[in-house]
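Only one structure is covered here, and it is reproduced in the block below.
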Amino acid sequence: MSQHSLVRYCLRERFKWIKVTAKRLQLEDFLDEIQYRRSIDVPEDLKHFIFKVLKEKAMKADDLKSAREIGSARGELVLLQNACYSLIGSVEEEYGKSLLLWHIATDICFFTEDHETIDKDTKIYCRLSNILSDYMFYLLVMRPPLMSAVQGIWKIRFRDTCEEARKIFHHPENKFSAEHRIFHHPENKFSAEHRNTKSHCAQLLLHTQPDVEPSVVKGSRSKSVLFDACILAKKLKEWEVRKRWQVMSEVWVEMLCYAANCCKPNVHVQHISKGGELLTFIWLLMIQLGLGDHFWLGDDYLAKLIVEK
């Protein structure tokens, strides 16, 4: 299971001469995979969590309409069920924009969380949210054929967001402040990279002014979603910690399922022949559970797997 993070991507820039050479030789994507992509085994608790969430959704899919609504949800059903009405707009944007918003907000919340004080179950939700967020960002940037749901100008948004983040990270005042927190931080148990990322995520929050429109900060031409994501993170951090991570983890499952449902079947089949992506196995599971409209047999029959306890 591959992982990729926008914040870490912006923090770990290549030397200028490498960037120029890679661009001339058209090796940028190849080098990005080597330098920025991480691989982990799919955690067992992630498998159980996704199956649990999809099983609960399948129980509610009694007809074609409800199956389609569940299969096309991008986080809004979770937010509605938890009365998070102020955040509905963040998942109703263009899908690529919503994914970037939630990815950055998840990174900020994860790296600024006090992991020592939260309970065991909340830690699981927190970790799974981070894993799913980094996986979806990896698919968006490095496996675009699997992300048929993403349309529009997401590449421009991604580029402008990275430029905006680097301006903040590499500003002389911010750099000194971040370095001071890294080397004087009491959390010796975390790696230097973790502490570095944590410091810069905290810096993003400090630069966020909720009362100022993002367009005023970034300018009218920029398509950056960085400040929108920071505002989203601040709103999420206002919640009780357990609710925050439980809702975020379920939102990411819905985003994952939406991408799996929108991806073309022939693309899924190609990846099965290569061992399969997690996204493809989610697609197969959704078919078995009768979510979406893949195997609707008529006006009265929906082929689905009946899961007994």
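Residue numbers start at 1 in each chain; chains themselves are named A, B, ... in the order of the structure tokens; ligands are numbered from 1 in the order shown.
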Quick one: residues within 8 Å of region 96-108 of chain A, only C-alpha atoms counted, chain neighbours fewer than 6 positions away excluded, as a PyMOL selection string?
chain A and resi 5-7+90+129-130+133-134+136-137+140+149-152+154+157-158+198+201-202+204-205+225-226+228-230+232-233+248+255
Within 12 Å of Ile131 (chain A) using only C-alpha atoms, minus same-chain residues under 6 positions, as a list in words
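Near Ile131 (chain A), the qualifying residues are Met1, Ser2, Gln3, His4, Ser5, Arg38, Ser39, Ile40, Asp41, Val42, Pro43, Asp45, Leu46, Lys47, His103, Thr106, Asp107, Phe110, Ile124, Tyr125, Phe137, Tyr138, Met248, Ser249, Trp252, Val253 and Leu256 of chain A.
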Please provide the set of residues having any atom within 8 Å of Ser148 (chain A), restricted to only C-alpha atoms, with same-chain residues fewer than 4 positions apart removed, written as an MDAnalysis selection string.
chainID A and resid 144 259 262:264
Considering only C-alpha atoms, can you say which of A:Phe281, A:Asn261, A:Gln270, A:Glu164 comes closest to Arg68 (chain A)?
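Of all the options, A:Asn261 lies closest to Arg68 (chain A).
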So how far away is CA of Val251 (chain A) from CA of His271 (chain A), in Å?
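The value is 24.8 Å.
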Could you tell me how far CA of Phe169 (chain A) lies from CA of Glu92 (chain A), in Å and to one decimal?
29.2 Å
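Among the candidates A:Arg143, A:Arg242, A:Lys123, A:Arg8, the one nearest to Leu279 (chain A) when counting only C-alpha atoms is A:Arg143.
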Min atom-atom distance to Leu77 (chain A) from the set A:Ile50, A:Ile287, A:Val247, A:Val241, counting only C-alpha atoms, belongs to A:Val247
Please compute the CA of Glu94 (chain A)-CA of Val78 (chain A) distance, one decimal, in Å.
18.0 Å
8 Å contact set for Lys223 (chain A), only C-alpha atoms, chain neighbours under 5 positions out, as a list in words:
Ile156, Arg157, Asp160 and Thr161 of chain A
Save out the residues we just selected, N, CA and C atoms, as a CSV table (one decimal), in the first residue's frame.
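Okay, this is what ended up in part.csv:
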```csv
chain,number,residue,atom,x,y,z
A,156,ILE,N,-3.3,22.1,-11.6
A,156,ILE,CA,-3.0,23.5,-11.3
A,156,ILE,C,-3.1,23.8,-9.8
A,157,ARG,N,-4.2,23.2,-9.3
A,157,ARG,CA,-4.4,23.4,-7.8
A,157,ARG,C,-3.2,22.8,-7.0
A,160,ASP,N,-0.1,25.1,-7.5
A,160,ASP,CA,-0.2,26.4,-6.7
A,160,ASP,C,-0.2,26.1,-5.2
A,161,THR,N,-0.8,25.0,-4.8
A,161,THR,CA,-0.8,24.7,-3.3
A,161,THR,C,0.6,24.5,-2.8
```
Identify all residues of region 41-251 of chain A in alpha helix (DSSP H) (DSSP on the backbone) and supply them as an MDAnalysis selection string.
chainID A and resid 44:60 64:71 76:81 88:91 95:111 120:142 154:169 172:183 192:206 214:218 226:236 241:251
